[in-house]
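Colleague: First the structure, which I've put down as structure tokens, then a few questions once you've had a look.
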Protein chains: 2
Amino acid sequence: MSRPAVHPVEAPPLVDGRNEAAPPRRVRMKDVQGMPGTSTGLGLRVCQFVATVVSLTVMATTSDFPSVTSFRYLVAAVGLQCLWSLSLAIIDVYALCVRRSLRSPTLITMYTIGDAITSTLTFAAACASAGITVLISNDLNKCNINHCKRFMSATALAFISWFVASPSFFLNFWSLASR
Amino acid sequence: MSRPAVHPVEAPPLVDGRNEAAPPRRVRMKDVQGMPGTSTGLGLRVCQFVATVVSLTVMATTSDFPSVTSFRYLVAAVGLQCLWSLSLAIIDVYALCVRRSLRSPTLITMYTIGDAITSTLTFAAACASAGITVLISNDLNKCNINHCKRFMSATALAFISWFVASPSFFLNFWSLASR
């Protein structure tokens, strides 16, 4: 699944001060910032995690969210995105610490499918919540008896987490197609 | 932008009954069924057009759709998708009739961006309408005073048109990345 970028057993000659190891036998995918195992990739995962956690917290603090199906769905979808982003952030931290490459085609395929599912669910939940929020605040003008601002904030944060999740998906999909 | 697949001026030797023309100087992208200028691509566009037209008609026949922002947005987004799919279907018919290749990178980039925008808008509108429809029918139980069935049908057809629009986008994006 992954292999070390540093080969400690065989010591190849040093050229320009860097360890120019022999090319590995398996085809290695291109190293693009934002992909798994890179610092930009880790940054994207952390942003996703923060946005989803804040969205989840804001929605969960409203007392009447369980009465609307879309808001319950938002909590579920954003929770799933939160767990997914946290898991991949931990894997990225591990990969960066031990300098392991995560760019094998199998891993990238798994990441692409996972990102596609979680980001689509998050986007769908954000859109459904936005529909309900606009209905309550604009069409019915019932903000006096509802937590409009919290619903809006949770929806906006869900949109932000989808927006930060999209680059991860597109980078993985692109690298999968272009290998 | 596009060039003829048949070169009538220079007559190359016939092999196996087919006109094996010399390869064109510009790099030609791979011919994958479902891409612009293929019969499967045309089929996808026709399916998108039919689904969007039916969704638009069903939603427009309800008298109270303009009172809900999400339903107005659904009509707008599905209308845009309808026009986009119709235009590309016409271009596909033209390309198939005169046997022109539409697989130049510039065209595919334009198609990919257009497909991404229209399908995202359609999906967002379908999700928002689904949120409202579920709120009316399940959470509030007000189907007796609303056109629940028509709202559901229009939403389902919007989801179908998004589902048929996705392969066009992914095929174009894949071929753009893998060229």
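Lettering and numbering for the structure tokens are positional, with chains as A, B, ... in the shown order, residues counted from 1 in each chain, and ligands counted from 1 in the shown order.
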Mind running chain A against chain B at 8 Å and telling me each contacting residue's nearest atom pair with the distance in Å (one decimal), counting only C-alpha atoms, chain and number ascending, as JSON lines?
Modeller:
```
{"residue": "A:Ser67", "atom": "CA", "partner": "B:Asp139", "partner_atom": "CA", "distance": 6.9}
{"residue": "A:Val68", "atom": "CA", "partner": "B:Asp139", "partner_atom": "CA", "distance": 6.2}
{"residue": "A:Thr69", "atom": "CA", "partner": "B:Leu135", "partner_atom": "CA", "distance": 6.8}
{"residue": "A:Ser70", "atom": "CA", "partner": "B:Gly131", "partner_atom": "CA", "distance": 5.6}
{"residue": "A:Phe123", "atom": "CA", "partner": "B:Ala124", "partner_atom": "CA", "distance": 7.6}
{"residue": "A:Ala124", "atom": "CA", "partner": "B:Cys127", "partner_atom": "CA", "distance": 5.5}
{"residue": "A:Ala125", "atom": "CA", "partner": "B:Cys127", "partner_atom": "CA", "distance": 7.5}
{"residue": "A:Cys127", "atom": "CA", "partner": "B:Ala128", "partner_atom": "CA", "distance": 5.1}
{"residue": "A:Ala128", "atom": "CA", "partner": "B:Ala128", "partner_atom": "CA", "distance": 4.1}
{"residue": "A:Ser129", "atom": "CA", "partner": "B:Gly131", "partner_atom": "CA", "distance": 6.9}
{"residue": "A:Ala130", "atom": "CA", "partner": "B:Ala128", "partner_atom": "CA", "distance": 6.8}
{"residue": "A:Gly131", "atom": "CA", "partner": "B:Ala128", "partner_atom": "CA", "distance": 4.5}
{"residue": "A:Ile132", "atom": "CA", "partner": "B:Ile132", "partner_atom": "CA", "distance": 6.0}
{"residue": "A:Val134", "atom": "CA", "partner": "B:Thr69", "partner_atom": "CA", "distance": 7.1}
{"residue": "A:Leu135", "atom": "CA", "partner": "B:Val68", "partner_atom": "CA", "distance": 6.6}
{"residue": "A:Asp139", "atom": "CA", "partner": "B:Val68", "partner_atom": "CA", "distance": 6.2}
{"residue": "A:Phe173", "atom": "CA", "partner": "B:Trp174", "partner_atom": "CA", "distance": 8.0}
{"residue": "A:Trp174", "atom": "CA", "partner": "B:Ala177", "partner_atom": "CA", "distance": 5.6}
{"residue": "A:Ser175", "atom": "CA", "partner": "B:Ala177", "partner_atom": "CA", "distance": 7.7}
{"residue": "A:Ala177", "atom": "CA", "partner": "B:Ser178", "partner_atom": "CA", "distance": 5.1}
{"residue": "A:Ser178", "atom": "CA", "partner": "B:Ser178", "partner_atom": "CA", "distance": 4.3}
{"residue": "A:Arg179", "atom": "CA", "partner": "B:Ser178", "partner_atom": "CA", "distance": 7.4}
```
Colleague: Please extract the residues of chain A with a backbone DSSP assignment of strand (DSSP E) and present them as a PyMOL selection string.
Modeller: chain A and resi 3-4+14-15+18-19+100-101
Colleague: Smallest atom-to-atom distance to A:Gly43: which of A:Ala77, A:Leu56, A:Ile90, A:Met152, using only C-alpha atoms?
Modeller: A:Ile90
Colleague: Which of stretch 2-178 of chain B counts as helix (DSSP H, G or I) under DSSP, as a compact mmCIF listing (two decimals) with N, CA, C and O atoms, in the first residue's frame please?
Modeller:
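Written file, result24.txt:
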```
# COMPACT_ATOMS: atom_id res chain seq x y z
N SER B 39 -22.24 8.63 -30.20
CA SER B 39 -23.68 8.34 -30.10
C SER B 39 -24.11 8.20 -28.63
O SER B 39 -25.20 8.63 -28.25
N THR B 40 -23.23 7.59 -27.78
CA THR B 40 -23.57 7.47 -26.35
C THR B 40 -23.63 8.86 -25.71
O THR B 40 -24.49 9.12 -24.86
N GLY B 41 -22.70 9.73 -26.11
CA GLY B 41 -22.71 11.11 -25.60
C GLY B 41 -24.01 11.81 -25.96
O GLY B 41 -24.62 12.48 -25.12
N LEU B 42 -24.45 11.61 -27.21
CA LEU B 42 -25.72 12.20 -27.65
C LEU B 42 -26.89 11.62 -26.84
O LEU B 42 -27.79 12.36 -26.43
N GLY B 43 -26.83 10.29 -26.59
CA GLY B 43 -27.88 9.65 -25.79
C GLY B 43 -27.98 10.24 -24.40
O GLY B 43 -29.08 10.51 -23.90
N LEU B 44 -26.81 10.47 -23.77
CA LEU B 44 -26.78 11.08 -22.43
C LEU B 44 -27.41 12.47 -22.46
O LEU B 44 -28.20 12.83 -21.58
N ARG B 45 -27.06 13.25 -23.48
CA ARG B 45 -27.60 14.62 -23.60
C ARG B 45 -29.12 14.59 -23.79
O ARG B 45 -29.83 15.40 -23.19
N VAL B 46 -29.60 13.64 -24.60
CA VAL B 46 -31.05 13.54 -24.84
C VAL B 46 -31.76 13.16 -23.54
O VAL B 46 -32.81 13.73 -23.19
N CYS B 47 -31.16 12.20 -22.77
CA CYS B 47 -31.74 11.80 -21.48
C CYS B 47 -31.81 13.01 -20.53
O CYS B 47 -32.82 13.23 -19.86
N GLN B 48 -30.70 13.77 -20.47
CA GLN B 48 -30.67 14.97 -19.61
C GLN B 48 -31.78 15.93 -20.01
O GLN B 48 -32.51 16.46 -19.17
N PHE B 49 -31.90 16.15 -21.33
CA PHE B 49 -32.88 17.11 -21.84
C PHE B 49 -34.30 16.66 -21.48
O PHE B 49 -35.10 17.46 -20.96
N VAL B 50 -34.59 15.38 -21.69
CA VAL B 50 -35.94 14.86 -21.41
C VAL B 50 -36.26 14.99 -19.92
O VAL B 50 -37.33 15.50 -19.54
N ALA B 51 -35.30 14.56 -19.06
CA ALA B 51 -35.53 14.61 -17.62
C ALA B 51 -35.76 16.04 -17.15
O ALA B 51 -36.67 16.31 -16.34
N THR B 52 -34.95 16.98 -17.65
CA THR B 52 -35.10 18.38 -17.21
C THR B 52 -36.41 18.98 -17.71
O THR B 52 -37.07 19.70 -16.96
N VAL B 53 -36.78 18.66 -18.96
CA VAL B 53 -38.04 19.22 -19.50
C VAL B 53 -39.23 18.72 -18.68
O VAL B 53 -40.11 19.51 -18.31
N VAL B 54 -39.23 17.42 -18.36
CA VAL B 54 -40.36 16.87 -17.60
C VAL B 54 -40.38 17.47 -16.18
O VAL B 54 -41.45 17.87 -15.68
N SER B 55 -39.19 17.57 -15.55
CA SER B 55 -39.11 18.16 -14.21
C SER B 55 -39.64 19.59 -14.22
O SER B 55 -40.42 19.99 -13.35
N LEU B 56 -39.20 20.36 -15.22
CA LEU B 56 -39.61 21.76 -15.36
C LEU B 56 -41.13 21.86 -15.55
O LEU B 56 -41.79 22.69 -14.91
N THR B 57 -41.68 20.97 -16.39
CA THR B 57 -43.11 21.01 -16.68
C THR B 57 -43.92 20.67 -15.43
O THR B 57 -44.89 21.36 -15.10
N VAL B 58 -43.48 19.60 -14.72
CA VAL B 58 -44.22 19.17 -13.53
C VAL B 58 -44.21 20.29 -12.47
O VAL B 58 -45.24 20.60 -11.87
N MET B 59 -43.02 20.91 -12.27
CA MET B 59 -42.93 21.97 -11.26
C MET B 59 -43.73 23.20 -11.69
O MET B 59 -44.40 23.84 -10.87
N ALA B 60 -43.68 23.53 -12.99
CA ALA B 60 -44.36 24.74 -13.47
C ALA B 60 -45.88 24.62 -13.43
O ALA B 60 -46.58 25.63 -13.38
N PHE B 65 -45.72 27.08 -6.68
CA PHE B 65 -44.26 26.96 -6.59
C PHE B 65 -43.55 28.31 -6.44
O PHE B 65 -42.51 28.37 -5.76
N PRO B 66 -44.08 29.45 -7.00
CA PRO B 66 -43.30 30.69 -6.83
C PRO B 66 -43.25 31.22 -5.40
O PRO B 66 -42.44 32.09 -5.09
N SER B 67 -44.08 30.65 -4.50
CA SER B 67 -44.07 31.14 -3.12
C SER B 67 -42.88 30.60 -2.32
O SER B 67 -42.58 31.11 -1.24
N THR B 69 -38.79 29.82 -2.33
CA THR B 69 -37.55 30.20 -3.03
C THR B 69 -36.88 28.99 -3.67
O THR B 69 -36.41 29.05 -4.81
N SER B 70 -36.81 27.85 -2.93
CA SER B 70 -36.11 26.67 -3.43
C SER B 70 -36.76 26.13 -4.70
O SER B 70 -36.06 25.64 -5.60
N PHE B 71 -38.10 26.21 -4.79
CA PHE B 71 -38.78 25.71 -5.98
C PHE B 71 -38.53 26.64 -7.18
O PHE B 71 -38.37 26.17 -8.30
N ARG B 72 -38.48 27.96 -6.92
CA ARG B 72 -38.14 28.90 -7.99
C ARG B 72 -36.71 28.63 -8.48
O ARG B 72 -36.43 28.64 -9.68
N TYR B 73 -35.81 28.36 -7.52
CA TYR B 73 -34.42 28.06 -7.87
C TYR B 73 -34.33 26.76 -8.67
O TYR B 73 -33.56 26.66 -9.63
N LEU B 74 -35.17 25.76 -8.28
CA LEU B 74 -35.19 24.50 -9.04
C LEU B 74 -35.57 24.75 -10.49
O LEU B 74 -34.93 24.22 -11.41
N VAL B 75 -36.60 25.57 -10.70
CA VAL B 75 -37.06 25.87 -12.07
C VAL B 75 -35.92 26.54 -12.85
O VAL B 75 -35.65 26.19 -14.01
N ALA B 76 -35.22 27.49 -12.20
CA ALA B 76 -34.14 28.21 -12.88
C ALA B 76 -32.98 27.26 -13.21
O ALA B 76 -32.50 27.24 -14.35
N ALA B 77 -32.56 26.45 -12.23
CA ALA B 77 -31.40 25.56 -12.42
C ALA B 77 -31.70 24.49 -13.45
O ALA B 77 -30.87 24.20 -14.33
N VAL B 78 -32.91 23.90 -13.36
CA VAL B 78 -33.28 22.84 -14.30
C VAL B 78 -33.47 23.44 -15.70
O VAL B 78 -33.13 22.80 -16.70
N GLY B 79 -33.95 24.67 -15.78
CA GLY B 79 -34.08 25.35 -17.07
C GLY B 79 -32.72 25.57 -17.72
O GLY B 79 -32.55 25.34 -18.92
N LEU B 80 -31.73 25.97 -16.90
CA LEU B 80 -30.37 26.17 -17.41
C LEU B 80 -29.79 24.85 -17.91
O LEU B 80 -29.21 24.77 -19.01
N GLN B 81 -29.98 23.79 -17.09
CA GLN B 81 -29.48 22.46 -17.48
C GLN B 81 -30.14 22.01 -18.79
O GLN B 81 -29.48 21.42 -19.66
N CYS B 82 -31.42 22.30 -18.92
CA CYS B 82 -32.20 21.94 -20.12
C CYS B 82 -31.59 22.61 -21.36
O CYS B 82 -31.34 21.94 -22.37
N LEU B 83 -31.33 23.93 -21.27
CA LEU B 83 -30.77 24.67 -22.41
C LEU B 83 -29.36 24.16 -22.76
O LEU B 83 -29.03 23.98 -23.93
N TRP B 84 -28.56 23.91 -21.72
CA TRP B 84 -27.19 23.42 -21.91
C TRP B 84 -27.20 22.05 -22.61
O TRP B 84 -26.47 21.83 -23.58
N SER B 85 -28.06 21.13 -22.10
CA SER B 85 -28.11 19.79 -22.69
C SER B 85 -28.63 19.85 -24.12
O SER B 85 -28.13 19.12 -24.99
N LEU B 86 -29.61 20.70 -24.38
CA LEU B 86 -30.17 20.83 -25.73
C LEU B 86 -29.11 21.34 -26.70
O LEU B 86 -28.93 20.79 -27.80
N SER B 87 -28.37 22.38 -26.28
CA SER B 87 -27.32 22.93 -27.14
C SER B 87 -26.28 21.87 -27.48
O SER B 87 -25.90 21.71 -28.64
N LEU B 88 -25.85 21.12 -26.45
CA LEU B 88 -24.81 20.13 -26.69
C LEU B 88 -25.33 18.93 -27.48
O LEU B 88 -24.57 18.32 -28.24
N ALA B 89 -26.63 18.63 -27.32
CA ALA B 89 -27.23 17.57 -28.13
C ALA B 89 -27.23 17.97 -29.60
O ALA B 89 -26.92 17.16 -30.49
N ILE B 90 -27.56 19.25 -29.87
CA ILE B 90 -27.57 19.74 -31.26
C ILE B 90 -26.16 19.68 -31.86
O ILE B 90 -25.97 19.23 -32.99
N ILE B 91 -25.16 20.09 -31.05
CA ILE B 91 -23.77 20.04 -31.53
C ILE B 91 -23.35 18.59 -31.80
O ILE B 91 -22.69 18.29 -32.79
N ASP B 92 -23.79 17.66 -30.92
CA ASP B 92 -23.47 16.24 -31.11
C ASP B 92 -24.10 15.70 -32.38
O ASP B 92 -23.47 14.94 -33.12
N VAL B 93 -25.37 16.07 -32.64
CA VAL B 93 -26.06 15.62 -33.86
C VAL B 93 -25.29 16.13 -35.07
O VAL B 93 -25.03 15.38 -36.03
N TYR B 94 -24.89 17.39 -35.05
CA TYR B 94 -24.13 17.98 -36.16
C TYR B 94 -22.81 17.23 -36.37
O TYR B 94 -22.46 16.86 -37.49
N ALA B 95 -22.11 16.98 -35.22
CA ALA B 95 -20.81 16.29 -35.30
C ALA B 95 -20.97 14.88 -35.85
O ALA B 95 -20.13 14.42 -36.63
N LEU B 96 -22.05 14.21 -35.46
CA LEU B 96 -22.28 12.84 -35.95
C LEU B 96 -22.66 12.86 -37.43
O LEU B 96 -22.27 11.97 -38.18
N CYS B 97 -23.44 13.89 -37.86
CA CYS B 97 -23.90 13.95 -39.25
C CYS B 97 -22.74 14.23 -40.21
O CYS B 97 -22.61 13.58 -41.24
N PRO B 105 -8.77 19.54 -26.94
CA PRO B 105 -8.67 19.87 -25.51
C PRO B 105 -9.44 21.13 -25.12
O PRO B 105 -10.03 21.18 -24.04
N THR B 106 -9.45 22.16 -25.99
CA THR B 106 -10.16 23.41 -25.64
C THR B 106 -11.65 23.15 -25.49
O THR B 106 -12.28 23.60 -24.51
N LEU B 107 -12.22 22.42 -26.48
CA LEU B 107 -13.65 22.12 -26.42
C LEU B 107 -13.98 21.30 -25.18
O LEU B 107 -14.97 21.57 -24.49
N ILE B 108 -13.13 20.27 -24.91
CA ILE B 108 -13.41 19.38 -23.77
C ILE B 108 -13.33 20.18 -22.47
O ILE B 108 -14.13 19.96 -21.55
N THR B 109 -12.38 21.13 -22.38
CA THR B 109 -12.30 21.97 -21.17
C THR B 109 -13.57 22.78 -20.99
O THR B 109 -14.14 22.84 -19.89
N MET B 110 -14.06 23.39 -22.10
CA MET B 110 -15.30 24.16 -22.03
C MET B 110 -16.47 23.29 -21.60
O MET B 110 -17.28 23.67 -20.75
N TYR B 111 -16.55 22.10 -22.19
CA TYR B 111 -17.64 21.17 -21.86
C TYR B 111 -17.56 20.75 -20.39
O TYR B 111 -18.59 20.65 -19.70
N THR B 112 -16.32 20.48 -19.91
CA THR B 112 -16.16 20.04 -18.52
C THR B 112 -16.61 21.13 -17.56
O THR B 112 -17.36 20.85 -16.60
N ILE B 113 -16.19 22.39 -17.82
CA ILE B 113 -16.57 23.50 -16.93
C ILE B 113 -18.09 23.70 -16.98
O ILE B 113 -18.75 23.82 -15.93
N GLY B 114 -18.66 23.69 -18.18
CA GLY B 114 -20.11 23.86 -18.32
C GLY B 114 -20.89 22.76 -17.62
O GLY B 114 -21.86 23.03 -16.90
N ASP B 115 -20.43 21.52 -17.81
CA ASP B 115 -21.10 20.38 -17.16
C ASP B 115 -20.99 20.47 -15.65
O ASP B 115 -21.95 20.18 -14.93
N ALA B 116 -19.80 20.87 -15.15
CA ALA B 116 -19.60 20.99 -13.71
C ALA B 116 -20.56 22.02 -13.13
O ALA B 116 -21.23 21.77 -12.11
N ILE B 117 -20.66 23.19 -13.78
CA ILE B 117 -21.52 24.26 -13.25
C ILE B 117 -22.99 23.84 -13.30
O ILE B 117 -23.70 23.89 -12.29
N THR B 118 -23.46 23.37 -14.47
CA THR B 118 -24.89 23.06 -14.60
C THR B 118 -25.28 21.89 -13.70
O THR B 118 -26.33 21.93 -13.05
N SER B 119 -24.43 20.84 -13.64
CA SER B 119 -24.83 19.68 -12.83
C SER B 119 -24.79 20.01 -11.34
O SER B 119 -25.63 19.52 -10.57
N THR B 120 -23.83 20.86 -10.92
CA THR B 120 -23.79 21.26 -9.50
C THR B 120 -25.03 22.07 -9.14
O THR B 120 -25.65 21.85 -8.10
N LEU B 121 -25.42 23.00 -10.03
CA LEU B 121 -26.62 23.81 -9.77
C LEU B 121 -27.87 22.93 -9.71
O LEU B 121 -28.72 23.09 -8.83
N THR B 122 -27.97 21.96 -10.65
CA THR B 122 -29.13 21.07 -10.66
C THR B 122 -29.19 20.24 -9.38
O THR B 122 -30.26 20.09 -8.78
N PHE B 123 -28.01 19.71 -8.96
CA PHE B 123 -27.97 18.89 -7.75
C PHE B 123 -28.35 19.71 -6.52
O PHE B 123 -29.13 19.25 -5.67
N ALA B 124 -27.82 20.94 -6.45
CA ALA B 124 -28.14 21.81 -5.32
C ALA B 124 -29.63 22.11 -5.27
O ALA B 124 -30.26 22.05 -4.20
N ALA B 125 -30.22 22.40 -6.44
CA ALA B 125 -31.65 22.70 -6.50
C ALA B 125 -32.48 21.48 -6.11
O ALA B 125 -33.46 21.60 -5.37
N ALA B 126 -32.06 20.30 -6.59
CA ALA B 126 -32.79 19.08 -6.26
C ALA B 126 -32.73 18.81 -4.76
O ALA B 126 -33.74 18.44 -4.15
N CYS B 127 -31.56 19.02 -4.14
CA CYS B 127 -31.41 18.79 -2.70
C CYS B 127 -32.26 19.77 -1.90
O CYS B 127 -32.92 19.38 -0.93
N ALA B 128 -32.24 21.05 -2.30
CA ALA B 128 -33.03 22.06 -1.59
C ALA B 128 -34.52 21.74 -1.69
O ALA B 128 -35.25 21.79 -0.70
N SER B 129 -34.97 21.35 -2.90
CA SER B 129 -36.38 21.00 -3.09
C SER B 129 -36.75 19.75 -2.30
O SER B 129 -37.85 19.66 -1.74
N ALA B 130 -35.80 18.79 -2.25
CA ALA B 130 -36.05 17.57 -1.48
C ALA B 130 -36.22 17.92 0.00
O ALA B 130 -37.10 17.38 0.68
N GLY B 131 -35.37 18.84 0.50
CA GLY B 131 -35.48 19.27 1.89
C GLY B 131 -36.85 19.86 2.18
O GLY B 131 -37.49 19.50 3.18
N ILE B 132 -37.32 20.74 1.29
CA ILE B 132 -38.63 21.38 1.48
C ILE B 132 -39.76 20.35 1.38
O ILE B 132 -40.70 20.36 2.19
N THR B 133 -39.65 19.45 0.38
CA THR B 133 -40.70 18.46 0.17
C THR B 133 -40.83 17.53 1.37
O THR B 133 -41.95 17.23 1.82
N VAL B 134 -39.67 17.10 1.91
CA VAL B 134 -39.70 16.23 3.10
C VAL B 134 -40.26 17.00 4.30
O VAL B 134 -41.03 16.44 5.09
N LEU B 135 -39.92 18.29 4.40
CA LEU B 135 -40.46 19.11 5.50
C LEU B 135 -41.98 19.19 5.42
O LEU B 135 -42.69 19.01 6.42
N ILE B 136 -42.50 19.44 4.21
CA ILE B 136 -43.96 19.58 4.03
C ILE B 136 -44.67 18.24 4.28
O ILE B 136 -45.65 18.18 5.00
N SER B 137 -44.11 17.15 3.67
CA SER B 137 -44.85 15.89 3.71
C SER B 137 -44.64 15.11 5.00
O SER B 137 -45.59 14.54 5.54
N ASN B 138 -43.39 15.05 5.51
CA ASN B 138 -43.11 14.22 6.69
C ASN B 138 -43.17 15.01 8.00
O ASN B 138 -43.82 14.59 8.95
N ASP B 139 -42.44 16.16 8.06
CA ASP B 139 -42.30 16.86 9.33
C ASP B 139 -43.57 17.63 9.69
O ASP B 139 -43.96 17.70 10.85
N CYS B 148 -47.86 17.86 -2.92
CA CYS B 148 -46.70 17.07 -2.52
C CYS B 148 -46.21 16.15 -3.63
O CYS B 148 -45.01 16.07 -3.89
N LYS B 149 -47.15 15.47 -4.30
CA LYS B 149 -46.75 14.48 -5.31
C LYS B 149 -46.02 15.14 -6.47
O LYS B 149 -45.03 14.61 -6.98
N ARG B 150 -46.51 16.32 -6.88
CA ARG B 150 -45.84 17.02 -7.99
C ARG B 150 -44.47 17.53 -7.55
O ARG B 150 -43.52 17.47 -8.33
N PHE B 151 -44.39 18.05 -6.33
CA PHE B 151 -43.09 18.51 -5.84
C PHE B 151 -42.10 17.34 -5.80
O PHE B 151 -40.94 17.46 -6.21
N MET B 152 -42.59 16.18 -5.31
CA MET B 152 -41.72 14.99 -5.23
C MET B 152 -41.27 14.55 -6.62
O MET B 152 -40.10 14.23 -6.84
N SER B 153 -42.22 14.53 -7.57
CA SER B 153 -41.89 14.10 -8.93
C SER B 153 -40.86 15.03 -9.56
O SER B 153 -39.88 14.58 -10.16
N ALA B 154 -41.08 16.35 -9.42
CA ALA B 154 -40.15 17.32 -10.01
C ALA B 154 -38.77 17.18 -9.39
O ALA B 154 -37.75 17.23 -10.11
N THR B 155 -38.74 16.94 -8.06
CA THR B 155 -37.45 16.77 -7.37
C THR B 155 -36.75 15.50 -7.84
O THR B 155 -35.55 15.52 -8.13
N ALA B 156 -37.52 14.41 -7.93
CA ALA B 156 -36.93 13.14 -8.37
C ALA B 156 -36.38 13.26 -9.78
O ALA B 156 -35.28 12.77 -10.08
N LEU B 157 -37.11 13.96 -10.66
CA LEU B 157 -36.64 14.13 -12.04
C LEU B 157 -35.40 15.03 -12.10
O LEU B 157 -34.52 14.82 -12.95
N ALA B 158 -35.34 16.00 -11.20
CA ALA B 158 -34.12 16.84 -11.14
C ALA B 158 -32.93 16.00 -10.70
O ALA B 158 -31.83 16.15 -11.25
N PHE B 159 -33.15 15.08 -9.73
CA PHE B 159 -32.07 14.17 -9.32
C PHE B 159 -31.65 13.27 -10.48
O PHE B 159 -30.46 13.02 -10.69
N ILE B 160 -32.65 12.78 -11.24
CA ILE B 160 -32.33 11.91 -12.39
C ILE B 160 -31.51 12.69 -13.42
O ILE B 160 -30.51 12.18 -13.94
N SER B 161 -31.89 13.96 -13.69
CA SER B 161 -31.14 14.72 -14.69
C SER B 161 -29.72 15.00 -14.21
O SER B 161 -28.78 15.00 -15.01
N TRP B 162 -29.54 15.18 -12.89
CA TRP B 162 -28.18 15.33 -12.36
C TRP B 162 -27.40 14.02 -12.52
O TRP B 162 -26.23 14.02 -12.91
N PHE B 163 -28.09 12.90 -12.26
CA PHE B 163 -27.46 11.59 -12.33
C PHE B 163 -27.03 11.27 -13.77
O PHE B 163 -26.00 10.63 -13.99
N VAL B 164 -27.80 11.75 -14.76
CA VAL B 164 -27.45 11.52 -16.16
C VAL B 164 -26.41 12.54 -16.63
O VAL B 164 -25.67 12.29 -17.59
N ALA B 165 -26.34 13.69 -15.95
CA ALA B 165 -25.36 14.71 -16.34
C ALA B 165 -23.96 14.37 -15.81
O ALA B 165 -22.96 14.78 -16.41
N SER B 166 -23.90 13.62 -14.69
CA SER B 166 -22.60 13.32 -14.07
C SER B 166 -21.66 12.54 -14.99
O SER B 166 -20.47 12.89 -15.06
N PRO B 167 -22.13 11.48 -15.70
CA PRO B 167 -21.18 10.75 -16.57
C PRO B 167 -20.53 11.65 -17.61
O PRO B 167 -19.33 11.51 -17.88
N SER B 168 -21.30 12.59 -18.20
CA SER B 168 -20.73 13.51 -19.19
C SER B 168 -19.58 14.28 -18.57
O SER B 168 -18.49 14.40 -19.16
N PHE B 169 -19.81 14.80 -17.34
CA PHE B 169 -18.77 15.57 -16.66
C PHE B 169 -17.54 14.72 -16.37
O PHE B 169 -16.41 15.09 -16.69
N PHE B 170 -17.78 13.52 -15.77
CA PHE B 170 -16.65 12.70 -15.35
C PHE B 170 -15.85 12.18 -16.55
O PHE B 170 -14.62 12.12 -16.49
N LEU B 171 -16.53 11.83 -17.65
CA LEU B 171 -15.82 11.37 -18.85
C LEU B 171 -14.95 12.48 -19.41
O LEU B 171 -13.80 12.25 -19.79
N ASN B 172 -15.52 13.70 -19.49
CA ASN B 172 -14.75 14.83 -20.02
C ASN B 172 -13.56 15.15 -19.12
O ASN B 172 -12.46 15.39 -19.60
N PHE B 173 -13.81 15.14 -17.80
CA PHE B 173 -12.75 15.46 -16.84
C PHE B 173 -11.65 14.41 -16.91
O PHE B 173 -10.45 14.73 -16.90
N TRP B 174 -12.05 13.13 -16.99
CA TRP B 174 -11.09 12.02 -17.07
C TRP B 174 -10.23 12.15 -18.32
O TRP B 174 -9.00 12.01 -18.28
N SER B 175 -10.89 12.41 -19.48
CA SER B 175 -10.14 12.48 -20.73
C SER B 175 -9.23 13.71 -20.76
O SER B 175 -8.17 13.69 -21.37
N LEU B 176 -9.65 14.76 -20.05
CA LEU B 176 -8.82 15.96 -19.95
C LEU B 176 -7.57 15.67 -19.12
O LEU B 176 -6.46 16.13 -19.45
N ALA B 177 -7.74 14.89 -18.05
CA ALA B 177 -6.61 14.59 -17.17
C ALA B 177 -5.68 13.55 -17.80
O ALA B 177 -4.47 13.59 -17.58
N SER B 178 -6.24 12.63 -18.61
CA SER B 178 -5.43 11.50 -19.10
C SER B 178 -4.84 11.75 -20.48
O SER B 178 -4.19 10.86 -21.01
```
